[in-house]
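This is work_18.pdb (PDB, N, CA and C atoms, pLDDT in the B column).
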ATOM      1  N   MET A   1      23.891 -96.692  82.489  1.00 56.00           N
ATOM      2  CA  MET A   1      22.607 -96.151  82.922  1.00 56.00           C
ATOM      3  C   MET A   1      22.602 -94.638  82.697  1.00 56.00           C
ATOM      4  N   THR A   2      21.540 -94.149  82.097  1.00 68.00           N
ATOM      5  CA  THR A   2      21.466 -92.715  81.827  1.00 68.00           C
ATOM      6  C   THR A   2      20.915 -91.974  83.030  1.00 68.00           C
ATOM      7  N   MET A   3      21.377 -90.777  83.192  1.00 81.00           N
ATOM      8  CA  MET A   3      20.902 -89.931  84.293  1.00 81.00           C
ATOM      9  C   MET A   3      19.621 -89.221  83.850  1.00 81.00           C
ATOM     10  N   ILE A   4      18.675 -89.148  84.745  1.00 86.00           N
ATOM     11  CA  ILE A   4      17.429 -88.441  84.465  1.00 86.00           C
ATOM     12  C   ILE A   4      17.625 -86.987  84.868  1.00 86.00           C
ATOM     13  N   ASP A   5      17.317 -86.082  83.927  1.00 94.00           N
ATOM     14  CA  ASP A   5      17.502 -84.666  84.262  1.00 94.00           C
ATOM     15  C   ASP A   5      16.406 -84.195  85.213  1.00 94.00           C
ATOM     16  N   ALA A   6      16.601 -83.038  85.765  1.00 93.00           N
ATOM     17  CA  ALA A   6      15.699 -82.518  86.806  1.00 93.00           C
ATOM     18  C   ALA A   6      14.269 -82.343  86.294  1.00 93.00           C
ATOM     19  N   ASP A   7      14.115 -81.858  85.051  1.00 94.00           N
ATOM     20  CA  ASP A   7      12.770 -81.665  84.494  1.00 94.00           C
ATOM     21  C   ASP A   7      12.033 -82.996  84.345  1.00 94.00           C
ATOM     22  N   THR A   8      12.724 -83.997  83.840  1.00 95.00           N
ATOM     23  CA  THR A   8      12.106 -85.304  83.661  1.00 95.00           C
ATOM     24  C   THR A   8      11.736 -85.906  85.010  1.00 95.00           C
ATOM     25  N   LYS A   9      12.627 -85.762  85.988  1.00 95.00           N
ATOM     26  CA  LYS A   9      12.352 -86.284  87.335  1.00 95.00           C
ATOM     27  C   LYS A   9      11.125 -85.596  87.928  1.00 95.00           C
ATOM     28  N   ARG A  10      11.019 -84.286  87.726  1.00 96.00           N
ATOM     29  CA  ARG A  10       9.876 -83.518  88.216  1.00 96.00           C
ATOM     30  C   ARG A  10       8.592 -84.002  87.514  1.00 96.00           C
ATOM     31  N   ASP A  11       8.670 -84.231  86.209  1.00 96.00           N
ATOM     32  CA  ASP A  11       7.509 -84.732  85.453  1.00 96.00           C
ATOM     33  C   ASP A  11       7.075 -86.099  85.970  1.00 96.00           C
ATOM     34  N   ILE A  12       8.031 -86.959  86.248  1.00 96.00           N
ATOM     35  CA  ILE A  12       7.729 -88.300  86.760  1.00 96.00           C
ATOM     36  C   ILE A  12       7.020 -88.206  88.112  1.00 96.00           C
ATOM     37  N   GLU A  13       7.538 -87.365  88.986  1.00 97.00           N
ATOM     38  CA  GLU A  13       6.913 -87.197  90.311  1.00 97.00           C
ATOM     39  C   GLU A  13       5.496 -86.641  90.185  1.00 97.00           C
ATOM     40  N   ASP A  14       5.309 -85.692  89.258  1.00 97.00           N
ATOM     41  CA  ASP A  14       3.987 -85.113  89.039  1.00 97.00           C
ATOM     42  C   ASP A  14       3.012 -86.182  88.534  1.00 97.00           C
ATOM     43  N   LEU A  15       3.455 -87.004  87.604  1.00 98.00           N
ATOM     44  CA  LEU A  15       2.606 -88.073  87.076  1.00 98.00           C
ATOM     45  C   LEU A  15       2.268 -89.095  88.155  1.00 98.00           C
ATOM     46  N   LYS A  16       3.213 -89.394  89.019  1.00 98.00           N
ATOM     47  CA  LYS A  16       2.952 -90.320  90.126  1.00 98.00           C
ATOM     48  C   LYS A  16       1.880 -89.762  91.061  1.00 98.00           C
ATOM     49  N   ARG A  17       1.953 -88.456  91.326  1.00 98.00           N
ATOM     50  CA  ARG A  17       0.940 -87.815  92.181  1.00 98.00           C
ATOM     51  C   ARG A  17      -0.433 -87.873  91.512  1.00 98.00           C
ATOM     52  N   GLN A  18      -0.469 -87.583  90.209  1.00 98.00           N
ATOM     53  CA  GLN A  18      -1.741 -87.645  89.477  1.00 98.00           C
ATOM     54  C   GLN A  18      -2.327 -89.052  89.518  1.00 98.00           C
ATOM     55  N   LEU A  19      -1.478 -90.043  89.324  1.00 98.00           N
ATOM     56  CA  LEU A  19      -1.921 -91.435  89.353  1.00 98.00           C
ATOM     57  C   LEU A  19      -2.514 -91.785  90.717  1.00 98.00           C
ATOM     58  N   LYS A  20      -1.848 -91.373  91.788  1.00 98.00           N
ATOM     59  CA  LYS A  20      -2.333 -91.634  93.145  1.00 98.00           C
ATOM     60  C   LYS A  20      -3.703 -90.989  93.356  1.00 98.00           C
ATOM     61  N   THR A  21      -3.868 -89.763  92.843  1.00 98.00           N
ATOM     62  CA  THR A  21      -5.147 -89.065  92.971  1.00 98.00           C
ATOM     63  C   THR A  21      -6.259 -89.847  92.279  1.00 98.00           C
ATOM     64  N   PHE A  22      -5.991 -90.321  91.059  1.00 98.00           N
ATOM     65  CA  PHE A  22      -7.002 -91.081  90.329  1.00 98.00           C
ATOM     66  C   PHE A  22      -7.284 -92.429  90.984  1.00 98.00           C
ATOM     67  N   GLU A  23      -6.272 -93.067  91.515  1.00 98.00           N
ATOM     68  CA  GLU A  23      -6.483 -94.345  92.214  1.00 98.00           C
ATOM     69  C   GLU A  23      -7.358 -94.154  93.450  1.00 98.00           C
ATOM     70  N   ASP A  24      -7.108 -93.067  94.185  1.00 98.00           N
ATOM     71  CA  ASP A  24      -7.929 -92.773  95.367  1.00 98.00           C
ATOM     72  C   ASP A  24      -9.375 -92.494  94.964  1.00 98.00           C
ATOM     73  N   GLU A  25      -9.550 -91.711  93.887  1.00 98.00           N
ATOM     74  CA  GLU A  25     -10.890 -91.380  93.410  1.00 98.00           C
ATOM     75  C   GLU A  25     -11.613 -92.647  92.940  1.00 98.00           C
ATOM     76  N   GLU A  26     -10.898 -93.515  92.245  1.00 98.00           N
ATOM     77  CA  GLU A  26     -11.477 -94.774  91.782  1.00 98.00           C
ATOM     78  C   GLU A  26     -11.947 -95.620  92.959  1.00 98.00           C
ATOM     79  N   ALA A  27     -11.135 -95.726  93.997  1.00 98.00           N
ATOM     80  CA  ALA A  27     -11.502 -96.508  95.180  1.00 98.00           C
ATOM     81  C   ALA A  27     -12.765 -95.943  95.828  1.00 98.00           C
ATOM     82  N   GLN A  28     -12.850 -94.616  95.904  1.00 98.00           N
ATOM     83  CA  GLN A  28     -14.031 -93.972  96.491  1.00 98.00           C
ATOM     84  C   GLN A  28     -15.281 -94.256  95.652  1.00 98.00           C
ATOM     85  N   LEU A  29     -15.139 -94.164  94.333  1.00 98.00           N
ATOM     86  CA  LEU A  29     -16.281 -94.415  93.447  1.00 98.00           C
ATOM     87  C   LEU A  29     -16.734 -95.870  93.530  1.00 98.00           C
ATOM     88  N   LEU A  30     -15.801 -96.793  93.642  1.00 97.00           N
ATOM     89  CA  LEU A  30     -16.163 -98.206  93.781  1.00 97.00           C
ATOM     90  C   LEU A  30     -16.937 -98.433  95.085  1.00 97.00           C
ATOM     91  N   LYS A  31     -16.519 -97.753  96.144  1.00 97.00           N
ATOM     92  CA  LYS A  31     -17.219 -97.864  97.428  1.00 97.00           C
ATOM     93  C   LYS A  31     -18.643 -97.312  97.300  1.00 97.00           C
ATOM     94  N   GLU A  32     -18.783 -96.166  96.597  1.00 97.00           N
ATOM     95  CA  GLU A  32     -20.106 -95.570  96.385  1.00 97.00           C
ATOM     96  C   GLU A  32     -20.985 -96.483  95.541  1.00 97.00           C
ATOM     97  N   LEU A  33     -20.396 -97.111  94.531  1.00 96.00           N
ATOM     98  CA  LEU A  33     -21.139 -98.041  93.678  1.00 96.00           C
ATOM     99  C   LEU A  33     -21.657 -99.225  94.492  1.00 96.00           C
ATOM    100  N   GLU A  34     -20.813 -99.749  95.360  1.00 96.00           N
ATOM    101  CA  GLU A  34     -21.203-100.866  96.219  1.00 96.00           C
ATOM    102  C   GLU A  34     -22.382-100.466  97.114  1.00 96.00           C
ATOM    103  N   THR A  35     -22.311 -99.257  97.680  1.00 96.00           N
ATOM    104  CA  THR A  35     -23.390 -98.747  98.522  1.00 96.00           C
ATOM    105  C   THR A  35     -24.680 -98.602  97.716  1.00 96.00           C
ATOM    106  N   CYS A  36     -24.556 -98.073  96.509  1.00 96.00           N
ATOM    107  CA  CYS A  36     -25.709 -97.888  95.633  1.00 96.00           C
ATOM    108  C   CYS A  36     -26.362 -99.229  95.296  1.00 96.00           C
ATOM    109  N   ARG A  37     -25.555-100.217  94.982  1.00 95.00           N
ATOM    110  CA  ARG A  37     -26.089-101.546  94.655  1.00 95.00           C
ATOM    111  C   ARG A  37     -26.795-102.160  95.857  1.00 95.00           C
ATOM    112  N   ALA A  38     -26.238-101.977  97.039  1.00 95.00           N
ATOM    113  CA  ALA A  38     -26.864-102.512  98.252  1.00 95.00           C
ATOM    114  C   ALA A  38     -28.220-101.851  98.493  1.00 95.00           C
ATOM    115  N   ARG A  39     -28.286-100.536  98.294  1.00 95.00           N
ATOM    116  CA  ARG A  39     -29.552 -99.816  98.485  1.00 95.00           C
ATOM    117  C   ARG A  39     -30.579-100.263  97.458  1.00 95.00           C
ATOM    118  N   LYS A  40     -30.130-100.474  96.215  1.00 94.00           N
ATOM    119  CA  LYS A  40     -31.021-100.929  95.153  1.00 94.00           C
ATOM    120  C   LYS A  40     -31.623-102.279  95.512  1.00 94.00           C
ATOM    121  N   THR A  41     -30.800-103.192  96.002  1.00 93.00           N
ATOM    122  CA  THR A  41     -31.273-104.519  96.400  1.00 93.00           C
ATOM    123  C   THR A  41     -32.268-104.394  97.553  1.00 93.00           C
ATOM    124  N   GLU A  42     -31.959-103.514  98.485  1.00 93.00           N
ATOM    125  CA  GLU A  42     -32.851-103.290  99.629  1.00 93.00           C
ATOM    126  C   GLU A  42     -34.221-102.801  99.161  1.00 93.00           C
ATOM    127  N   ILE A  43     -34.227-101.859  98.216  1.00 92.00           N
ATOM    128  CA  ILE A  43     -35.485-101.318  97.679  1.00 92.00           C
ATOM    129  C   ILE A  43     -36.276-102.422  96.971  1.00 92.00           C
ATOM    130  N   LYS A  44     -35.579-103.230  96.168  1.00 89.00           N
ATOM    131  CA  LYS A  44     -36.259-104.324  95.468  1.00 89.00           C
ATOM    132  C   LYS A  44     -36.881-105.295  96.463  1.00 89.00           C
ATOM    133  N   ASP A  45     -36.155-105.592  97.532  1.00 88.00           N
ATOM    134  CA  ASP A  45     -36.679-106.501  98.551  1.00 88.00           C
ATOM    135  C   ASP A  45     -37.921-105.911  99.227  1.00 88.00           C
ATOM    136  N   LYS A  46     -37.881-104.609  99.523  1.00 87.00           N
ATOM    137  CA  LYS A  46     -39.047-103.957 100.144  1.00 87.00           C
ATOM    138  C   LYS A  46     -40.239-103.995  99.199  1.00 87.00           C
ATOM    139  N   LEU A  47     -39.986-103.742  97.914  1.00 85.00           N
ATOM    140  CA  LEU A  47     -41.059-103.803  96.921  1.00 85.00           C
ATOM    141  C   LEU A  47     -41.687-105.191  96.893  1.00 85.00           C
ATOM    142  N   LYS A  48     -40.842-106.191  96.933  1.00 81.00           N
ATOM    143  CA  LYS A  48     -41.311-107.577  96.884  1.00 81.00           C
ATOM    144  C   LYS A  48     -42.205-107.873  98.087  1.00 81.00           C
ATOM    145  N   VAL A  49     -41.764-107.426  99.262  1.00 78.00           N
ATOM    146  CA  VAL A  49     -42.515-107.686 100.495  1.00 78.00           C
ATOM    147  C   VAL A  49     -43.842-106.928 100.504  1.00 78.00           C
ATOM    148  N   LEU A  50     -43.802-105.670 100.071  1.00 80.00           N
ATOM    149  CA  LEU A  50     -45.001-104.838 100.138  1.00 80.00           C
ATOM    150  C   LEU A  50     -46.015-105.152  99.047  1.00 80.00           C
ATOM    151  N   SER A  51     -45.580-105.756  97.978  1.00 75.00           N
ATOM    152  CA  SER A  51     -46.474-106.017  96.862  1.00 75.00           C
ATOM    153  C   SER A  51     -47.150-107.375  97.018  1.00 75.00           C
ATOM    154  N   ASN A  52     -48.456-107.334  97.111  1.00 66.00           N
ATOM    155  CA  ASN A  52     -49.230-108.574  97.140  1.00 66.00           C
ATOM    156  C   ASN A  52     -49.889-108.811  95.785  1.00 66.00           C
ATOM    157  N   ASP A  53     -49.489-108.017  94.819  1.00 66.00           N
ATOM    158  CA  ASP A  53     -50.058-108.078  93.488  1.00 66.00           C
ATOM    159  C   ASP A  53     -49.554-109.331  92.762  1.00 66.00           C
ATOM    160  N   ASP A  54     -50.476-110.206  92.375  1.00 71.00           N
ATOM    161  CA  ASP A  54     -50.103-111.443  91.692  1.00 71.00           C
ATOM    162  C   ASP A  54     -49.352-111.165  90.392  1.00 71.00           C
ATOM    163  N   LYS A  55     -49.782-110.145  89.655  1.00 69.00           N
ATOM    164  CA  LYS A  55     -49.125-109.807  88.388  1.00 69.00           C
ATOM    165  C   LYS A  55     -47.668-109.421  88.640  1.00 69.00           C
ATOM    166  N   TYR A  56     -47.427-108.612  89.657  1.00 70.00           N
ATOM    167  CA  TYR A  56     -46.059-108.211  89.996  1.00 70.00           C
ATOM    168  C   TYR A  56     -45.222-109.439  90.336  1.00 70.00           C
ATOM    169  N   GLN A  57     -45.774-110.309  91.167  1.00 72.00           N
ATOM    170  CA  GLN A  57     -45.038-111.505  91.561  1.00 72.00           C
ATOM    171  C   GLN A  57     -44.761-112.405  90.362  1.00 72.00           C
ATOM    172  N   GLN A  58     -45.722-112.542  89.454  1.00 79.00           N
ATOM    173  CA  GLN A  58     -45.513-113.332  88.238  1.00 79.00           C
ATOM    174  C   GLN A  58     -44.416-112.713  87.375  1.00 79.00           C
ATOM    175  N   ASP A  59     -44.449-111.388  87.236  1.00 80.00           N
ATOM    176  CA  ASP A  59     -43.420-110.687  86.455  1.00 80.00           C
ATOM    177  C   ASP A  59     -42.038-110.907  87.067  1.00 80.00           C
ATOM    178  N   MET A  60     -41.953-110.817  88.388  1.00 78.00           N
ATOM    179  CA  MET A  60     -40.668-111.015  89.055  1.00 78.00           C
ATOM    180  C   MET A  60     -40.187-112.462  88.861  1.00 78.00           C
ATOM    181  N   LEU A  61     -41.089-113.417  88.990  1.00 83.00           N
ATOM    182  CA  LEU A  61     -40.719-114.819  88.784  1.00 83.00           C
ATOM    183  C   LEU A  61     -40.246-115.057  87.357  1.00 83.00           C
ATOM    184  N   ALA A  62     -40.942-114.464  86.400  1.00 86.00           N
ATOM    185  CA  ALA A  62     -40.554-114.607  84.996  1.00 86.00           C
ATOM    186  C   ALA A  62     -39.179-113.984  84.753  1.00 86.00           C
ATOM    187  N   MET A  63     -38.939-112.823  85.362  1.00 84.00           N
ATOM    188  CA  MET A  63     -37.648-112.151  85.194  1.00 84.00           C
ATOM    189  C   MET A  63     -36.518-113.010  85.777  1.00 84.00           C
ATOM    190  N   VAL A  64     -36.725-113.539  86.969  1.00 86.00           N
ATOM    191  CA  VAL A  64     -35.717-114.384  87.600  1.00 86.00           C
ATOM    192  C   VAL A  64     -35.474-115.628  86.757  1.00 86.00           C
ATOM    193  N   TYR A  65     -36.566-116.228  86.262  1.00 88.00           N
ATOM    194  CA  TYR A  65     -36.434-117.425  85.430  1.00 88.00           C
ATOM    195  C   TYR A  65     -35.610-117.111  84.180  1.00 88.00           C
ATOM    196  N   GLN A  66     -35.919-115.975  83.542  1.00 87.00           N
ATOM    197  CA  GLN A  66     -35.184-115.598  82.330  1.00 87.00           C
ATOM    198  C   GLN A  66     -33.718-115.335  82.629  1.00 87.00           C
ATOM    199  N   GLN A  67     -33.429-114.724  83.778  1.00 86.00           N
ATOM    200  CA  GLN A  67     -32.039-114.462  84.145  1.00 86.00           C
ATOM    201  C   GLN A  67     -31.290-115.772  84.345  1.00 86.00           C
ATOM    202  N   ARG A  68     -31.954-116.752  84.914  1.00 87.00           N
ATOM    203  CA  ARG A  68     -31.292-118.030  85.208  1.00 87.00           C
ATOM    204  C   ARG A  68     -31.217-118.960  84.007  1.00 87.00           C
ATOM    205  N   HIS A  69     -32.228-118.893  83.120  1.00 87.00           N
ATOM    206  CA  HIS A  69     -32.324-119.879  82.043  1.00 87.00           C
ATOM    207  C   HIS A  69     -32.168-119.283  80.648  1.00 87.00           C
ATOM    208  N   GLY A  70     -31.959-117.989  80.565  1.00 79.00           N
ATOM    209  CA  GLY A  70     -31.787-117.359  79.259  1.00 79.00           C
ATOM    210  C   GLY A  70     -33.071-116.675  78.825  1.00 79.00           C
ATOM    211  N   ALA A  71     -32.917-115.564  78.145  1.00 58.00           N
ATOM    212  CA  ALA A  71     -34.059-114.720  77.778  1.00 58.00           C
ATOM    213  C   ALA A  71     -34.956-115.365  76.728  1.00 58.00           C
ATOM    214  N   GLY A  72     -34.472-116.362  76.000  1.00 55.00           N
ATOM    215  CA  GLY A  72     -35.248-116.953  74.926  1.00 55.00           C
ATOM    216  C   GLY A  72     -36.310-117.936  75.398  1.00 55.00           C
ATOM    217  N   LYS A  73     -36.236-118.380  76.627  1.00 49.00           N
ATOM    218  CA  LYS A  73     -37.161-119.385  77.125  1.00 49.00           C
ATOM    219  C   LYS A  73     -38.185-118.743  78.053  1.00 49.00           C
ATOM    220  N   LYS A  74     -39.376-119.332  78.099  1.00 50.00           N
ATOM    221  CA  LYS A  74     -40.412-118.847  79.014  1.00 50.00           C
ATOM    222  C   LYS A  74     -40.757-119.975  79.978  1.00 50.00           C
ATOM    223  N   PRO A  75     -41.127-119.616  81.202  1.00 50.00           N
ATOM    224  CA  PRO A  75     -41.488-120.671  82.151  1.00 50.00           C
ATOM    225  C   PRO A  75     -42.758-121.388  81.694  1.00 50.00           C
ATOM    226  N   SER A  76     -42.813-122.678  81.888  1.00 52.00           N
ATOM    227  CA  SER A  76     -44.021-123.423  81.509  1.00 52.00           C
ATOM    228  C   SER A  76     -45.095-123.177  82.564  1.00 52.00           C
ATOM    229  N   GLU A  77     -46.314-123.028  82.096  1.00 44.00           N
ATOM    230  CA  GLU A  77     -47.409-122.732  83.028  1.00 44.00           C
ATOM    231  C   GLU A  77     -48.260-123.952  83.260  1.00 44.00           C
TER     232      GLU A  77
END

Mind converting the file's structure to structure tokens?
Amino acid sequence: MTMIDADTKRDIEDLKRQLKTFEDEEAQLLKELETCRARKTEIKDKLKVLSNDDKYQQDMLAMVYQQRHGAGKKPSE
């Protein structure tokens, strides 16, 4: 087994610290993304409730249908 010199050991420790910093930042960003997605869903739900516009509701139904059945198909009327 080879001995690691002091400079290499110091470099390894520095890289480990950098990695930990990025992992912590990644975890924070994922948490923020989750919060953002939840707020987006909340806004969409409020829009749905507040909108009595038939065209809006038809557009939303068509979008949901396309998401579930593929963009190439249209709902039969």

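As for atom CA of Leu47 of chain A and atom N of Leu30 of chain A, they are spaced 26.4 Å apart.
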
Could you give me, as a tab-separated table (two decimals) with N, CA and C atoms, in the coordinates of the input, each residue of chain A that DSSP assigns to alpha helix (DSSP H) when run on this structure's backbone?
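The file below, selection-v4.tsv, is the result:
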chain	number	residue	atom	x	y	z
A	6	ALA	N	16.60	-83.04	85.76
A	6	ALA	CA	15.70	-82.52	86.81
A	6	ALA	C	14.27	-82.34	86.29
A	7	ASP	N	14.12	-81.86	85.05
A	7	ASP	CA	12.77	-81.67	84.49
A	7	ASP	C	12.03	-83.00	84.34
A	8	THR	N	12.72	-84.00	83.84
A	8	THR	CA	12.11	-85.30	83.66
A	8	THR	C	11.74	-85.91	85.01
A	9	LYS	N	12.63	-85.76	85.99
A	9	LYS	CA	12.35	-86.28	87.34
A	9	LYS	C	11.12	-85.60	87.93
A	10	ARG	N	11.02	-84.29	87.73
A	10	ARG	CA	9.88	-83.52	88.22
A	10	ARG	C	8.59	-84.00	87.51
A	11	ASP	N	8.67	-84.23	86.21
A	11	ASP	CA	7.51	-84.73	85.45
A	11	ASP	C	7.08	-86.10	85.97
A	12	ILE	N	8.03	-86.96	86.25
A	12	ILE	CA	7.73	-88.30	86.76
A	12	ILE	C	7.02	-88.21	88.11
A	13	GLU	N	7.54	-87.36	88.99
A	13	GLU	CA	6.91	-87.20	90.31
A	13	GLU	C	5.50	-86.64	90.18
A	14	ASP	N	5.31	-85.69	89.26
A	14	ASP	CA	3.99	-85.11	89.04
A	14	ASP	C	3.01	-86.18	88.53
A	15	LEU	N	3.46	-87.00	87.60
A	15	LEU	CA	2.61	-88.07	87.08
A	15	LEU	C	2.27	-89.10	88.16
A	16	LYS	N	3.21	-89.39	89.02
A	16	LYS	CA	2.95	-90.32	90.13
A	16	LYS	C	1.88	-89.76	91.06
A	17	ARG	N	1.95	-88.46	91.33
A	17	ARG	CA	0.94	-87.82	92.18
A	17	ARG	C	-0.43	-87.87	91.51
A	18	GLN	N	-0.47	-87.58	90.21
A	18	GLN	CA	-1.74	-87.64	89.48
A	18	GLN	C	-2.33	-89.05	89.52
A	19	LEU	N	-1.48	-90.04	89.32
A	19	LEU	CA	-1.92	-91.44	89.35
A	19	LEU	C	-2.51	-91.78	90.72
A	20	LYS	N	-1.85	-91.37	91.79
A	20	LYS	CA	-2.33	-91.63	93.14
A	20	LYS	C	-3.70	-90.99	93.36
A	21	THR	N	-3.87	-89.76	92.84
A	21	THR	CA	-5.15	-89.06	92.97
A	21	THR	C	-6.26	-89.85	92.28
A	22	PHE	N	-5.99	-90.32	91.06
A	22	PHE	CA	-7.00	-91.08	90.33
A	22	PHE	C	-7.28	-92.43	90.98
A	23	GLU	N	-6.27	-93.07	91.52
A	23	GLU	CA	-6.48	-94.34	92.21
A	23	GLU	C	-7.36	-94.15	93.45
A	24	ASP	N	-7.11	-93.07	94.18
A	24	ASP	CA	-7.93	-92.77	95.37
A	24	ASP	C	-9.38	-92.49	94.96
A	25	GLU	N	-9.55	-91.71	93.89
A	25	GLU	CA	-10.89	-91.38	93.41
A	25	GLU	C	-11.61	-92.65	92.94
A	26	GLU	N	-10.90	-93.52	92.24
A	26	GLU	CA	-11.48	-94.77	91.78
A	26	GLU	C	-11.95	-95.62	92.96
A	27	ALA	N	-11.14	-95.73	94.00
A	27	ALA	CA	-11.50	-96.51	95.18
A	27	ALA	C	-12.76	-95.94	95.83
A	28	GLN	N	-12.85	-94.62	95.90
A	28	GLN	CA	-14.03	-93.97	96.49
A	28	GLN	C	-15.28	-94.26	95.65
A	29	LEU	N	-15.14	-94.16	94.33
A	29	LEU	CA	-16.28	-94.42	93.45
A	29	LEU	C	-16.73	-95.87	93.53
A	30	LEU	N	-15.80	-96.79	93.64
A	30	LEU	CA	-16.16	-98.21	93.78
A	30	LEU	C	-16.94	-98.43	95.08
A	31	LYS	N	-16.52	-97.75	96.14
A	31	LYS	CA	-17.22	-97.86	97.43
A	31	LYS	C	-18.64	-97.31	97.30
A	32	GLU	N	-18.78	-96.17	96.60
A	32	GLU	CA	-20.11	-95.57	96.38
A	32	GLU	C	-20.98	-96.48	95.54
A	33	LEU	N	-20.40	-97.11	94.53
A	33	LEU	CA	-21.14	-98.04	93.68
A	33	LEU	C	-21.66	-99.22	94.49
A	34	GLU	N	-20.81	-99.75	95.36
A	34	GLU	CA	-21.20	-100.87	96.22
A	34	GLU	C	-22.38	-100.47	97.11
A	35	THR	N	-22.31	-99.26	97.68
A	35	THR	CA	-23.39	-98.75	98.52
A	35	THR	C	-24.68	-98.60	97.72
A	36	CYS	N	-24.56	-98.07	96.51
A	36	CYS	CA	-25.71	-97.89	95.63
A	36	CYS	C	-26.36	-99.23	95.30
A	37	ARG	N	-25.56	-100.22	94.98
A	37	ARG	CA	-26.09	-101.55	94.66
A	37	ARG	C	-26.80	-102.16	95.86
A	38	ALA	N	-26.24	-101.98	97.04
A	38	ALA	CA	-26.86	-102.51	98.25
A	38	ALA	C	-28.22	-101.85	98.49
A	39	ARG	N	-28.29	-100.54	98.29
A	39	ARG	CA	-29.55	-99.82	98.48
A	39	ARG	C	-30.58	-100.26	97.46
A	40	LYS	N	-30.13	-100.47	96.22
A	40	LYS	CA	-31.02	-100.93	95.15
A	40	LYS	C	-31.62	-102.28	95.51
A	41	THR	N	-30.80	-103.19	96.00
A	41	THR	CA	-31.27	-104.52	96.40
A	41	THR	C	-32.27	-104.39	97.55
A	42	GLU	N	-31.96	-103.51	98.48
A	42	GLU	CA	-32.85	-103.29	99.63
A	42	GLU	C	-34.22	-102.80	99.16
A	43	ILE	N	-34.23	-101.86	98.22
A	43	ILE	CA	-35.48	-101.32	97.68
A	43	ILE	C	-36.28	-102.42	96.97
A	44	LYS	N	-35.58	-103.23	96.17
A	44	LYS	CA	-36.26	-104.32	95.47
A	44	LYS	C	-36.88	-105.30	96.46
A	45	ASP	N	-36.16	-105.59	97.53
A	45	ASP	CA	-36.68	-106.50	98.55
A	45	ASP	C	-37.92	-105.91	99.23
A	46	LYS	N	-37.88	-104.61	99.52
A	46	LYS	CA	-39.05	-103.96	100.14
A	46	LYS	C	-40.24	-104.00	99.20
A	47	LEU	N	-39.99	-103.74	97.91
A	47	LEU	CA	-41.06	-103.80	96.92
A	47	LEU	C	-41.69	-105.19	96.89
A	48	LYS	N	-40.84	-106.19	96.93
A	48	LYS	CA	-41.31	-107.58	96.88
A	48	LYS	C	-42.20	-107.87	98.09
A	49	VAL	N	-41.76	-107.43	99.26
A	49	VAL	CA	-42.52	-107.69	100.50
A	49	VAL	C	-43.84	-106.93	100.50
A	50	LEU	N	-43.80	-105.67	100.07
A	50	LEU	CA	-45.00	-104.84	100.14
A	50	LEU	C	-46.02	-105.15	99.05
A	54	ASP	N	-50.48	-110.21	92.38
A	54	ASP	CA	-50.10	-111.44	91.69
A	54	ASP	C	-49.35	-111.16	90.39
A	55	LYS	N	-49.78	-110.14	89.66
A	55	LYS	CA	-49.12	-109.81	88.39
A	55	LYS	C	-47.67	-109.42	88.64
A	56	TYR	N	-47.43	-108.61	89.66
A	56	TYR	CA	-46.06	-108.21	90.00
A	56	TYR	C	-45.22	-109.44	90.34
A	57	GLN	N	-45.77	-110.31	91.17
A	57	GLN	CA	-45.04	-111.50	91.56
A	57	GLN	C	-44.76	-112.40	90.36
A	58	GLN	N	-45.72	-112.54	89.45
A	58	GLN	CA	-45.51	-113.33	88.24
A	58	GLN	C	-44.42	-112.71	87.38
A	59	ASP	N	-44.45	-111.39	87.24
A	59	ASP	CA	-43.42	-110.69	86.46
A	59	ASP	C	-42.04	-110.91	87.07
A	60	MET	N	-41.95	-110.82	88.39
A	60	MET	CA	-40.67	-111.02	89.06
A	60	MET	C	-40.19	-112.46	88.86
A	61	LEU	N	-41.09	-113.42	88.99
A	61	LEU	CA	-40.72	-114.82	88.78
A	61	LEU	C	-40.25	-115.06	87.36
A	62	ALA	N	-40.94	-114.46	86.40
A	62	ALA	CA	-40.55	-114.61	85.00
A	62	ALA	C	-39.18	-113.98	84.75
A	63	MET	N	-38.94	-112.82	85.36
A	63	MET	CA	-37.65	-112.15	85.19
A	63	MET	C	-36.52	-113.01	85.78
A	64	VAL	N	-36.72	-113.54	86.97
A	64	VAL	CA	-35.72	-114.38	87.60
A	64	VAL	C	-35.47	-115.63	86.76
A	65	TYR	N	-36.57	-116.23	86.26
A	65	TYR	CA	-36.43	-117.42	85.43
A	65	TYR	C	-35.61	-117.11	84.18
A	66	GLN	N	-35.92	-115.98	83.54
A	66	GLN	CA	-35.18	-115.60	82.33
A	66	GLN	C	-33.72	-115.34	82.63
A	67	GLN	N	-33.43	-114.72	83.78
A	67	GLN	CA	-32.04	-114.46	84.14
A	67	GLN	C	-31.29	-115.77	84.34
A	68	ARG	N	-31.95	-116.75	84.91
A	68	ARG	CA	-31.29	-118.03	85.21
A	68	ARG	C	-31.22	-118.96	84.01
A	69	HIS	N	-32.23	-118.89	83.12
A	69	HIS	CA	-32.32	-119.88	82.04
A	69	HIS	C	-32.17	-119.28	80.65

Using only C-alpha atoms, I'd like a table of the residues in segment 10-58 of chain A that come within 10 Å of segment 62-66 of chain A; for each, show the closest atom pair and its distance in Å rounded to one decimal, ordered by chain and ascending number, as JSON lines.
{"residue": "A:Tyr56", "atom": "CA", "partner": "A:Ala62", "partner_atom": "CA", "distance": 9.8}
{"residue": "A:Gln57", "atom": "CA", "partner": "A:Ala62", "partner_atom": "CA", "distance": 8.5}
{"residue": "A:Gln58", "atom": "CA", "partner": "A:Ala62", "partner_atom": "CA", "distance": 6.1}
